[in-house]
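Chemist: The structure file final.cif (mmCIF, C-alpha atoms) is provided below.
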```cif
data_upload
#
loop_
_atom_site.group_PDB
_atom_site.id
_atom_site.type_symbol
_atom_site.label_atom_id
_atom_site.label_comp_id
_atom_site.auth_asym_id
_atom_site.auth_seq_id
_atom_site.Cartn_x
_atom_site.Cartn_y
_atom_site.Cartn_z
ATOM 1 C CA MET A 1 -6.634 91.490 230.362
ATOM 2 C CA HIS A 2 -8.622 94.462 229.141
ATOM 3 C CA LEU A 3 -12.227 94.815 230.188
ATOM 4 C CA ILE A 4 -14.311 97.301 228.234
ATOM 5 C CA ILE A 5 -17.704 98.377 229.490
ATOM 6 C CA ASP A 6 -19.921 100.763 227.569
ATOM 7 C CA GLY A 7 -23.363 101.564 228.756
ATOM 8 C CA TYR A 8 -26.309 103.760 229.528
ATOM 9 C CA GLY A 9 -26.895 104.864 233.061
ATOM 10 C CA SER A 10 -29.979 105.692 235.049
ATOM 11 C CA ASP A 11 -28.407 108.562 236.977
ATOM 12 C CA PRO A 12 -26.691 111.278 234.915
ATOM 13 C CA SER A 13 -25.641 113.080 238.095
ATOM 14 C CA ILE A 14 -23.047 110.411 238.859
ATOM 15 C CA LEU A 15 -21.611 110.723 235.342
ATOM 16 C CA GLN A 16 -20.919 114.419 235.872
ATOM 17 C CA ASP A 17 -19.478 114.117 239.351
ATOM 18 C CA GLU A 18 -15.770 114.799 238.903
ATOM 19 C CA GLY A 19 -15.123 114.170 242.598
ATOM 20 C CA ALA A 20 -16.774 110.758 242.545
ATOM 21 C CA ILE A 21 -14.921 109.788 239.370
ATOM 22 C CA TYR A 22 -11.612 110.936 240.865
ATOM 23 C CA GLU A 23 -12.301 108.970 244.020
ATOM 24 C CA PHE A 24 -13.173 105.875 242.017
ATOM 25 C CA LEU A 25 -9.956 106.113 239.987
ATOM 26 C CA ASP A 26 -7.971 106.738 243.133
ATOM 27 C CA GLN A 27 -9.384 103.907 245.207
ATOM 28 C CA TYR A 28 -10.563 101.176 242.864
ATOM 29 C CA PRO A 29 -7.100 99.954 241.752
ATOM 30 C CA ALA A 30 -6.317 98.837 245.318
ATOM 31 C CA GLN A 31 -9.678 97.082 245.547
ATOM 32 C CA ILE A 32 -8.823 94.875 242.565
ATOM 33 C CA LYS A 33 -5.190 94.588 243.708
ATOM 34 C CA VAL A 34 -3.550 96.441 240.855
ATOM 35 C CA THR A 35 -0.952 99.112 241.537
ATOM 36 C CA LYS A 36 -1.648 102.757 240.765
ATOM 37 C CA ILE A 37 1.582 104.478 239.760
ATOM 38 C CA ALA A 38 0.405 108.080 239.400
ATOM 39 C CA PRO A 39 -2.463 110.143 240.799
ATOM 40 C CA PRO A 40 -5.620 110.058 238.656
ATOM 41 C CA LEU A 41 -6.391 112.809 236.184
ATOM 42 C CA VAL A 42 -9.939 114.029 235.731
ATOM 43 C CA PHE A 43 -11.073 116.619 233.171
ATOM 44 C CA ARG A 44 -14.383 118.154 232.247
ATOM 45 C CA TYR A 45 -14.792 118.067 228.492
ATOM 46 C CA ILE A 46 -17.046 120.356 226.439
ATOM 47 C CA GLY A 47 -17.493 119.241 222.836
ATOM 48 C CA SER A 48 -18.243 121.147 219.671
ATOM 49 C CA LYS A 49 -21.924 120.335 220.154
ATOM 50 C CA PRO A 50 -23.237 121.713 223.466
ATOM 51 C CA GLU A 51 -24.826 118.383 224.354
ATOM 52 C CA ASP A 52 -21.556 116.493 223.973
ATOM 53 C CA TRP A 53 -19.927 117.234 227.272
ATOM 54 C CA GLY A 54 -18.776 115.034 230.069
ATOM 55 C CA ILE A 55 -15.958 113.905 232.285
ATOM 56 C CA SER A 56 -12.803 112.096 231.212
ATOM 57 C CA GLY A 57 -10.733 110.370 233.862
ATOM 58 C CA PHE A 58 -7.595 108.321 233.729
ATOM 59 C CA ALA A 59 -5.481 106.369 236.194
ATOM 60 C CA LEU A 60 -2.167 104.847 235.235
ATOM 61 C CA ILE A 61 -1.709 101.468 236.869
ATOM 62 C CA ALA A 62 1.262 99.118 236.680
ATOM 63 C CA GLU A 63 1.823 98.486 232.965
ATOM 64 C CA SER A 64 -1.652 99.585 231.979
ATOM 65 C CA HIS A 65 -4.562 101.907 232.841
ATOM 66 C CA ILE A 66 -8.122 102.583 233.878
ATOM 67 C CA SER A 67 -10.083 105.193 231.924
ATOM 68 C CA ILE A 68 -13.576 106.622 232.007
ATOM 69 C CA HIS A 69 -15.301 108.907 229.507
ATOM 70 C CA THR A 70 -18.811 110.053 230.230
ATOM 71 C CA PHE A 71 -21.434 111.782 228.088
ATOM 72 C CA VAL A 72 -23.705 113.355 230.617
ATOM 73 C CA GLU A 73 -26.527 114.484 228.323
ATOM 74 C CA ARG A 74 -26.587 111.030 226.743
ATOM 75 C CA SER A 75 -26.305 109.306 230.119
ATOM 76 C CA PHE A 76 -23.609 107.179 228.491
ATOM 77 C CA ALA A 77 -20.154 106.043 229.581
ATOM 78 C CA ASN A 78 -17.154 104.248 228.102
ATOM 79 C CA ILE A 79 -14.996 102.539 230.723
ATOM 80 C CA ASP A 80 -11.727 100.598 230.312
ATOM 81 C CA ILE A 81 -9.985 98.482 232.921
ATOM 82 C CA PHE A 82 -6.761 97.291 231.372
ATOM 83 C CA SER A 83 -4.252 95.451 233.539
ATOM 84 C CA CYS A 84 -1.440 93.045 232.847
ATOM 85 C CA LYS A 85 -2.345 91.417 236.119
ATOM 86 C CA ASP A 86 -5.486 89.300 235.932
ATOM 87 C CA PHE A 87 -8.560 90.428 237.826
ATOM 88 C CA ASP A 88 -12.058 89.077 238.322
ATOM 89 C CA ALA A 89 -13.714 90.565 235.251
ATOM 90 C CA ASP A 90 -17.227 89.512 236.219
ATOM 91 C CA GLN A 91 -16.874 91.152 239.618
ATOM 92 C CA VAL A 92 -15.348 94.307 238.120
ATOM 93 C CA ALA A 93 -18.153 94.544 235.570
ATOM 94 C CA LYS A 94 -20.660 94.201 238.401
ATOM 95 C CA ASP A 95 -18.846 96.817 240.508
ATOM 96 C CA LEU A 96 -18.802 99.286 237.613
ATOM 97 C CA GLN A 97 -22.461 98.777 236.805
ATOM 98 C CA GLU A 98 -23.349 99.442 240.424
ATOM 99 C CA LYS A 99 -20.972 102.370 240.894
ATOM 100 C CA PHE A 100 -22.089 104.211 237.782
ATOM 101 C CA LYS A 101 -25.700 102.985 237.859
ATOM 102 C CA LEU A 102 -25.441 101.493 234.387
ATOM 103 C CA THR A 103 -28.667 99.773 233.414
ATOM 104 C CA ARG A 104 -27.799 98.603 229.879
ATOM 105 C CA VAL A 105 -24.231 97.595 229.161
ATOM 106 C CA LYS A 106 -22.059 96.032 226.501
ATOM 107 C CA THR A 107 -18.850 94.364 227.630
ATOM 108 C CA TYR A 108 -15.732 93.117 225.924
ATOM 109 C CA LEU A 109 -12.873 91.212 227.503
ATOM 110 C CA ILE A 110 -9.620 91.009 225.579
ATOM 111 C CA ASP A 111 -6.439 89.146 226.441
ATOM 112 C CA ARG A 112 -3.616 91.502 225.515
ATOM 113 C CA SER A 113 -0.658 89.881 227.238
ATOM 114 C CA TRP A 114 2.577 89.150 225.466
ATOM 115 C CA GLU A 115 2.416 85.570 226.803
ATOM 116 C CA SER A 116 -0.680 84.676 224.813
ATOM 117 C CA PHE A 117 -0.034 86.841 221.791
ATOM 118 C CA SER A 118 -0.631 85.447 218.331
ATOM 119 C CA PRO A 119 -0.363 87.709 215.309
ATOM 120 C CA THR A 120 -3.112 88.233 212.763
ATOM 121 C CA ARG A 121 -2.488 88.985 209.148
ATOM 122 C CA GLU A 122 -5.876 90.144 207.978
ATOM 123 C CA PRO A 123 -6.707 93.842 207.663
ATOM 124 C CA VAL A 124 -8.150 95.732 210.579
ATOM 125 C CA ARG A 125 -11.842 95.007 210.871
ATOM 126 C CA PHE A 126 -14.673 95.561 213.276
ATOM 127 C CA PHE A 127 -15.320 93.202 216.083
ATOM 128 C CA THR A 128 -18.978 92.502 216.555
ATOM 129 C CA LYS A 129 -20.558 90.460 219.240
ATOM 130 C CA MET B 1 -14.103 103.787 217.342
ATOM 131 C CA HIS B 2 -11.422 102.118 219.391
ATOM 132 C CA LEU B 3 -8.433 100.629 217.611
ATOM 133 C CA ILE B 4 -6.275 98.274 219.653
ATOM 134 C CA ILE B 5 -2.888 97.184 218.394
ATOM 135 C CA ASP B 6 -0.700 94.756 220.285
ATOM 136 C CA GLY B 7 2.526 93.539 218.831
ATOM 137 C CA TYR B 8 6.149 92.588 218.851
ATOM 138 C CA GLY B 9 8.693 95.033 217.528
ATOM 139 C CA SER B 10 12.022 94.638 215.837
ATOM 140 C CA ASP B 11 13.652 97.592 217.578
ATOM 141 C CA PRO B 12 13.457 97.668 221.395
ATOM 142 C CA SER B 13 15.252 101.019 221.455
ATOM 143 C CA ILE B 14 12.185 102.795 220.117
ATOM 144 C CA LEU B 15 10.021 101.174 222.824
ATOM 145 C CA GLN B 16 12.174 102.675 225.568
ATOM 146 C CA ASP B 17 12.481 106.130 224.060
ATOM 147 C CA GLU B 18 10.364 108.326 226.324
ATOM 148 C CA GLY B 19 11.043 111.372 224.149
ATOM 149 C CA ALA B 20 9.876 109.661 220.972
ATOM 150 C CA ILE B 21 6.753 108.343 222.704
ATOM 151 C CA TYR B 22 5.972 111.794 224.116
ATOM 152 C CA GLU B 23 6.445 113.351 220.686
ATOM 153 C CA PHE B 24 4.172 110.749 219.112
ATOM 154 C CA LEU B 25 1.422 111.362 221.684
ATOM 155 C CA ASP B 26 1.846 115.092 221.277
ATOM 156 C CA GLN B 27 1.762 115.225 217.492
ATOM 157 C CA TYR B 28 -0.209 112.240 216.234
ATOM 158 C CA PRO B 29 -3.677 113.436 217.343
ATOM 159 C CA ALA B 30 -3.440 116.403 214.937
ATOM 160 C CA GLN B 31 -2.344 114.074 212.141
ATOM 161 C CA ILE B 32 -5.538 112.032 212.438
ATOM 162 C CA LYS B 33 -7.582 115.175 213.111
ATOM 163 C CA VAL B 34 -8.594 114.448 216.683
ATOM 164 C CA THR B 35 -8.261 117.108 219.358
ATOM 165 C CA LYS B 36 -5.778 116.733 222.183
ATOM 166 C CA ILE B 37 -7.149 118.373 225.314
ATOM 167 C CA ALA B 38 -4.185 117.999 227.681
ATOM 168 C CA PRO B 39 -0.434 117.535 227.291
ATOM 169 C CA PRO B 40 0.662 113.884 227.080
ATOM 170 C CA LEU B 41 1.920 112.036 230.129
ATOM 171 C CA VAL B 42 4.806 109.618 229.832
ATOM 172 C CA PHE B 43 6.179 107.461 232.659
ATOM 173 C CA ARG B 44 8.932 104.892 232.937
ATOM 174 C CA TYR B 45 7.608 101.829 234.716
ATOM 175 C CA ILE B 46 9.690 99.245 236.570
ATOM 176 C CA GLY B 47 7.774 96.082 237.483
ATOM 177 C CA SER B 48 8.182 93.592 240.286
ATOM 178 C CA LYS B 49 10.254 91.429 237.942
ATOM 179 C CA PRO B 50 13.346 93.263 236.663
ATOM 180 C CA GLU B 51 12.572 92.310 233.059
ATOM 181 C CA ASP B 52 9.090 93.809 233.207
ATOM 182 C CA TRP B 53 9.875 97.445 232.654
ATOM 183 C CA GLY B 54 8.832 99.870 229.984
ATOM 184 C CA ILE B 55 7.192 103.134 229.117
ATOM 185 C CA SER B 56 3.562 104.076 229.641
ATOM 186 C CA GLY B 57 2.195 107.069 227.788
ATOM 187 C CA PHE B 58 -1.214 108.641 227.628
ATOM 188 C CA ALA B 59 -2.829 111.489 225.732
ATOM 189 C CA LEU B 60 -6.333 112.656 226.472
ATOM 190 C CA ILE B 61 -8.165 113.580 223.288
ATOM 191 C CA ALA B 62 -11.665 114.954 222.846
ATOM 192 C CA GLU B 63 -13.974 112.465 224.591
ATOM 193 C CA SER B 64 -11.414 109.672 224.522
ATOM 194 C CA HIS B 65 -7.682 108.818 224.577
ATOM 195 C CA ILE B 66 -4.533 107.398 223.075
ATOM 196 C CA SER B 67 -2.377 105.145 225.253
ATOM 197 C CA ILE B 68 0.835 103.191 224.839
ATOM 198 C CA HIS B 69 2.406 100.631 227.162
ATOM 199 C CA THR B 70 5.710 99.076 226.194
ATOM 200 C CA PHE B 71 7.628 96.099 227.565
ATOM 201 C CA VAL B 72 11.138 96.780 226.448
ATOM 202 C CA GLU B 73 12.746 93.454 227.340
ATOM 203 C CA ARG B 74 9.892 91.645 225.621
ATOM 204 C CA SER B 75 9.979 94.029 222.654
ATOM 205 C CA PHE B 76 6.220 94.171 223.044
ATOM 206 C CA ALA B 77 3.697 97.031 223.022
ATOM 207 C CA ASN B 78 -0.001 97.569 223.712
ATOM 208 C CA ILE B 79 -1.433 100.607 221.921
ATOM 209 C CA ASP B 80 -4.958 102.077 222.034
ATOM 210 C CA ILE B 81 -6.387 104.753 219.790
ATOM 211 C CA PHE B 82 -9.858 105.491 221.054
ATOM 212 C CA SER B 83 -11.768 108.391 219.563
ATOM 213 C CA CYS B 84 -15.410 109.285 219.295
ATOM 214 C CA LYS B 85 -14.552 110.839 215.967
ATOM 215 C CA ASP B 86 -13.997 108.283 213.236
ATOM 216 C CA PHE B 87 -10.523 107.885 211.797
ATOM 217 C CA ASP B 88 -8.946 105.747 209.096
ATOM 218 C CA ALA B 89 -8.160 102.659 211.169
ATOM 219 C CA ASP B 90 -6.193 100.907 208.436
ATOM 220 C CA GLN B 91 -3.976 103.943 207.974
ATOM 221 C CA VAL B 92 -3.521 104.392 211.733
ATOM 222 C CA ALA B 93 -2.602 100.714 212.123
ATOM 223 C CA LYS B 94 -0.052 101.142 209.336
ATOM 224 C CA ASP B 95 1.340 104.337 210.889
ATOM 225 C CA LEU B 96 1.722 102.662 214.285
ATOM 226 C CA GLN B 97 3.425 99.596 212.855
ATOM 227 C CA GLU B 98 5.905 101.821 211.050
ATOM 228 C CA LYS B 99 6.456 104.206 213.921
ATOM 229 C CA PHE B 100 7.098 101.501 216.505
ATOM 230 C CA LYS B 101 8.664 99.003 214.075
ATOM 231 C CA LEU B 102 6.092 96.350 214.932
ATOM 232 C CA THR B 103 6.642 93.235 212.868
ATOM 233 C CA ARG B 104 3.901 90.977 214.240
ATOM 234 C CA VAL B 105 0.648 92.569 215.325
ATOM 235 C CA LYS B 106 -2.824 91.746 216.492
ATOM 236 C CA THR B 107 -5.513 94.358 215.950
ATOM 237 C CA TYR B 108 -9.012 94.899 217.215
ATOM 238 C CA LEU B 109 -11.450 97.571 216.134
ATOM 239 C CA ILE B 110 -14.453 98.225 218.338
ATOM 240 C CA ASP B 111 -17.358 100.588 217.776
ATOM 241 C CA ARG B 112 -18.020 102.166 221.168
ATOM 242 C CA SER B 113 -20.260 105.075 220.257
ATOM 243 C CA TRP B 114 -23.547 105.719 221.969
ATOM 244 C CA GLU B 115 -25.211 105.975 218.550
ATOM 245 C CA SER B 116 -24.607 102.337 217.687
ATOM 246 C CA PHE B 117 -24.865 100.896 221.183
ATOM 247 C CA SER B 118 -26.795 97.708 221.759
ATOM 248 C CA PRO B 119 -26.742 96.055 225.159
ATOM 249 C CA THR B 120 -25.668 92.478 225.804
ATOM 250 C CA ARG B 121 -27.070 90.335 228.546
ATOM 251 C CA GLU B 122 -24.618 87.459 228.649
ATOM 252 C CA PRO B 123 -21.814 87.346 231.219
ATOM 253 C CA VAL B 124 -18.461 88.901 230.465
ATOM 254 C CA ARG B 125 -16.433 86.609 228.259
ATOM 255 C CA PHE B 126 -13.285 86.627 226.236
ATOM 256 C CA PHE B 127 -13.262 87.860 222.726
ATOM 257 C CA THR B 128 -11.176 85.716 220.469
ATOM 258 C CA LYS B 129 -10.385 86.308 216.868
#
```
Could you render the structure as structure tokens?
Modeler:
Amino acid sequence: MHLIIDGYGSDPSILQDEGAIYEFLDQYPAQIKVTKIAPPLVFRYIGSKPEDWGISGFALIAESHISIHTFVERSFANIDIFSCKDFDADQVAKDLQEKFKLTRVKTYLIDRSWESFSPTREPVRFFTK
Amino acid sequence: MHLIIDGYGSDPSILQDEGAIYEFLDQYPAQIKVTKIAPPLVFRYIGSKPEDWGISGFALIAESHISIHTFVERSFANIDIFSCKDFDADQVAKDLQEKFKLTRVKTYLIDRSWESFSPTREPVRFFTK
């Protein structure tokens, strides 16, 4: 399953803390019992507009990944927890909200396994909740 | 926007070709005019079950990422194109289907920008199409 969490945080300092983001990516996979297969990567990104900067982090886990992109000046983050192994999505969403001090969030949970796959024929279109 | 494409392919050889996947991750960002900010990473993954092996690839692009996970024995792939800069999702979906010879696909397109964010209060739940 693939859990997406986007949201605004109350503490921009945590969204710019490369060390904390690295540590999260390094340690959280074990907490939800998924297997990390490479050390995390964390980059500081500076966009074309000075206010669009932040941290991007990525951890490859067995068959899938965890990623984080933050926008420090916006106090905004996009987080993905994608694992072929099921996890407790409600608990993970709660953990992420607490860890990154997200006060307003939007979540999506998508089943992406080959077992439950069914094709669609319509054109690509936006998902809205 | 974040375009997700999951699907079955007709040619497992392309799903196990680390070189082709690296080349795709290296070159495709420029084709859709998004900026790659680190060289791609490509790993061969062998799961706990012998049949669950494949390639995982990842390219960090400005503020977001492109990722691919393949399951060679299943002839199945999970692909994400996530960019803060808009792209032509229909064209990208078409490109990916052609490139990876995907014959049955399921797509999702999600707006994840801070500009259009609206919070949800309900618990995490599955999105179905």
Chemist: For atom CA of Gly57 of chain B and atom CA of Ile81 of chain A, determine how far apart the two atoms are, in Å to one decimal place.
Modeler: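 Atom CA of Gly57 of chain B sits 15.8 Å away from atom CA of Ile81 of chain A.
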Chemist: Could you name the residues that touch segment 70-73 of chain A at 9 Å or less, counting all atoms listed in the file, but leaving out those on the same chain fewer than 6 positions away, as a ChimeraX atom specification?
Modeler: /A:12-16,51-57,79 /B:63,114
Chemist: Spell out the residues picked by the PyMOL selection byres ((chain A and resi 85) around 9) here, as a list in words.
Modeler: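 Output of the PyMOL selection byres ((chain A and resi 85) around 9): Met1, Lys33, Val34, Ala62, Glu63, Phe82, Ser83, Cys84, Asp86 and Phe87 of chain A.
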Chemist: Residues as selected, C-alpha atoms, written as a tab-separated table (two decimals), in the coordinates of the input, can you do that?
Modeler:
```
chain	number	residue	atom	x	y	z
A	1	MET	CA	-6.63	91.49	230.36
A	33	LYS	CA	-5.19	94.59	243.71
A	34	VAL	CA	-3.55	96.44	240.86
A	62	ALA	CA	1.26	99.12	236.68
A	63	GLU	CA	1.82	98.49	232.96
A	82	PHE	CA	-6.76	97.29	231.37
A	83	SER	CA	-4.25	95.45	233.54
A	84	CYS	CA	-1.44	93.04	232.85
A	86	ASP	CA	-5.49	89.30	235.93
A	87	PHE	CA	-8.56	90.43	237.83
```
Chemist: As a check of understanding, name the residues that the PyMOL selection byres ((chain B) within 8 of (chain A)) selects in the supplied structure, as number ranges by chain.
Modeler: B: 6-7, 45, 47, 54, 56, 62-64, 69-70, 74, 76, 78, 89-90, 93, 104-112, 114, 117-121, 123-128
Chemist: Could I have chain A as a CSV table (one decimal) with C-alpha atoms, keeping the file's coordinate frame after it is superimposed on chain B by least squares, pairing all C-alpha atoms in sequence order?
Modeler:
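In the end it all went to part_30.csv:
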```csv
chain,number,residue,atom,x,y,z
A,1,MET,CA,-14.1,103.8,217.4
A,2,HIS,CA,-11.4,102.1,219.4
A,3,LEU,CA,-8.4,100.6,217.6
A,4,ILE,CA,-6.3,98.3,219.7
A,5,ILE,CA,-2.9,97.2,218.4
A,6,ASP,CA,-0.7,94.8,220.3
A,7,GLY,CA,2.5,93.5,218.8
A,8,TYR,CA,6.1,92.6,218.9
A,9,GLY,CA,8.7,95.0,217.5
A,10,SER,CA,12.0,94.6,215.8
A,11,ASP,CA,13.6,97.6,217.6
A,12,PRO,CA,13.5,97.7,221.4
A,13,SER,CA,15.3,101.0,221.5
A,14,ILE,CA,12.2,102.8,220.1
A,15,LEU,CA,10.0,101.2,222.8
A,16,GLN,CA,12.2,102.7,225.6
A,17,ASP,CA,12.5,106.1,224.1
A,18,GLU,CA,10.4,108.3,226.3
A,19,GLY,CA,11.0,111.4,224.1
A,20,ALA,CA,9.9,109.7,221.0
A,21,ILE,CA,6.8,108.3,222.7
A,22,TYR,CA,6.0,111.8,224.1
A,23,GLU,CA,6.4,113.3,220.7
A,24,PHE,CA,4.2,110.7,219.1
A,25,LEU,CA,1.4,111.4,221.7
A,26,ASP,CA,1.8,115.1,221.3
A,27,GLN,CA,1.8,115.2,217.5
A,28,TYR,CA,-0.2,112.2,216.2
A,29,PRO,CA,-3.7,113.4,217.3
A,30,ALA,CA,-3.5,116.4,214.9
A,31,GLN,CA,-2.3,114.1,212.1
A,32,ILE,CA,-5.5,112.0,212.4
A,33,LYS,CA,-7.6,115.2,213.1
A,34,VAL,CA,-8.6,114.4,216.7
A,35,THR,CA,-8.3,117.1,219.3
A,36,LYS,CA,-5.8,116.7,222.2
A,37,ILE,CA,-7.1,118.4,225.3
A,38,ALA,CA,-4.2,118.0,227.7
A,39,PRO,CA,-0.4,117.5,227.3
A,40,PRO,CA,0.7,113.9,227.1
A,41,LEU,CA,1.9,112.0,230.1
A,42,VAL,CA,4.8,109.6,229.8
A,43,PHE,CA,6.2,107.4,232.6
A,44,ARG,CA,8.9,104.9,232.9
A,45,TYR,CA,7.6,101.8,234.7
A,46,ILE,CA,9.7,99.2,236.6
A,47,GLY,CA,7.8,96.1,237.5
A,48,SER,CA,8.2,93.6,240.3
A,49,LYS,CA,10.3,91.4,237.9
A,50,PRO,CA,13.3,93.3,236.6
A,51,GLU,CA,12.6,92.3,233.1
A,52,ASP,CA,9.1,93.8,233.2
A,53,TRP,CA,9.9,97.4,232.6
A,54,GLY,CA,8.8,99.9,230.0
A,55,ILE,CA,7.2,103.1,229.1
A,56,SER,CA,3.6,104.1,229.6
A,57,GLY,CA,2.2,107.1,227.8
A,58,PHE,CA,-1.2,108.6,227.6
A,59,ALA,CA,-2.8,111.5,225.7
A,60,LEU,CA,-6.3,112.7,226.5
A,61,ILE,CA,-8.2,113.6,223.3
A,62,ALA,CA,-11.7,114.9,222.8
A,63,GLU,CA,-14.0,112.4,224.6
A,64,SER,CA,-11.4,109.7,224.5
A,65,HIS,CA,-7.7,108.8,224.6
A,66,ILE,CA,-4.5,107.4,223.1
A,67,SER,CA,-2.4,105.1,225.3
A,68,ILE,CA,0.8,103.2,224.8
A,69,HIS,CA,2.4,100.6,227.2
A,70,THR,CA,5.7,99.1,226.2
A,71,PHE,CA,7.6,96.1,227.6
A,72,VAL,CA,11.1,96.8,226.4
A,73,GLU,CA,12.8,93.5,227.4
A,74,ARG,CA,9.9,91.6,225.6
A,75,SER,CA,10.0,94.0,222.7
A,76,PHE,CA,6.2,94.2,223.0
A,77,ALA,CA,3.7,97.0,223.0
A,78,ASN,CA,0.0,97.6,223.7
A,79,ILE,CA,-1.4,100.6,221.9
A,80,ASP,CA,-5.0,102.1,222.0
A,81,ILE,CA,-6.4,104.8,219.8
A,82,PHE,CA,-9.9,105.5,221.1
A,83,SER,CA,-11.8,108.4,219.6
A,84,CYS,CA,-15.4,109.3,219.3
A,85,LYS,CA,-14.6,110.8,216.0
A,86,ASP,CA,-14.0,108.3,213.2
A,87,PHE,CA,-10.5,107.9,211.8
A,88,ASP,CA,-8.9,105.7,209.1
A,89,ALA,CA,-8.2,102.7,211.2
A,90,ASP,CA,-6.2,100.9,208.4
A,91,GLN,CA,-4.0,103.9,208.0
A,92,VAL,CA,-3.5,104.4,211.7
A,93,ALA,CA,-2.6,100.7,212.1
A,94,LYS,CA,-0.1,101.1,209.3
A,95,ASP,CA,1.3,104.3,210.9
A,96,LEU,CA,1.7,102.7,214.3
A,97,GLN,CA,3.4,99.6,212.9
A,98,GLU,CA,5.9,101.8,211.0
A,99,LYS,CA,6.5,104.2,213.9
A,100,PHE,CA,7.1,101.5,216.5
A,101,LYS,CA,8.7,99.0,214.1
A,102,LEU,CA,6.1,96.4,214.9
A,103,THR,CA,6.7,93.2,212.9
A,104,ARG,CA,3.9,91.0,214.2
A,105,VAL,CA,0.7,92.6,215.3
A,106,LYS,CA,-2.8,91.7,216.5
A,107,THR,CA,-5.5,94.4,216.0
A,108,TYR,CA,-9.0,94.9,217.2
A,109,LEU,CA,-11.4,97.6,216.1
A,110,ILE,CA,-14.5,98.2,218.3
A,111,ASP,CA,-17.4,100.6,217.8
A,112,ARG,CA,-18.0,102.2,221.2
A,113,SER,CA,-20.3,105.1,220.3
A,114,TRP,CA,-23.5,105.7,222.0
A,115,GLU,CA,-25.2,106.0,218.6
A,116,SER,CA,-24.6,102.3,217.7
A,117,PHE,CA,-24.9,100.9,221.2
A,118,SER,CA,-26.8,97.7,221.8
A,119,PRO,CA,-26.7,96.0,225.2
A,120,THR,CA,-25.7,92.5,225.8
A,121,ARG,CA,-27.1,90.3,228.5
A,122,GLU,CA,-24.6,87.5,228.6
A,123,PRO,CA,-21.8,87.4,231.2
A,124,VAL,CA,-18.5,88.9,230.4
A,125,ARG,CA,-16.4,86.6,228.2
A,126,PHE,CA,-13.3,86.7,226.2
A,127,PHE,CA,-13.2,87.9,222.7
A,128,THR,CA,-11.2,85.7,220.4
A,129,LYS,CA,-10.4,86.3,216.9
```
Chemist: Would you mind reading off the distance between atom CA of Phe24 of chain A and atom CA of Lys99 of chain A, one decimal, in Å?
Modeler: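 Calculated distance between atom CA of Phe24 of chain A and atom CA of Lys99 of chain A is 8.6 Å.
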Chemist: Using atom CA of Asp17 of chain B and atom CA of Ala30 of chain B as the two end points, give the distance in Å to one decimal.
Modeler: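 Atom CA of Asp17 of chain B sits 21.0 Å away from atom CA of Ala30 of chain B.
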Chemist: Around segment 76-93 of chain A, with edges along x, y and z and 8 Å added on all six sides, what centre and edge lengths do you get, in Å to one decimal, as AutoDock Vina command-line options?
Modeler:
```
--center_x -12.5 --center_y 98.1 --center_z 233.9 --size_x 38.2 --size_y 34.1 --size_z 27.5
```
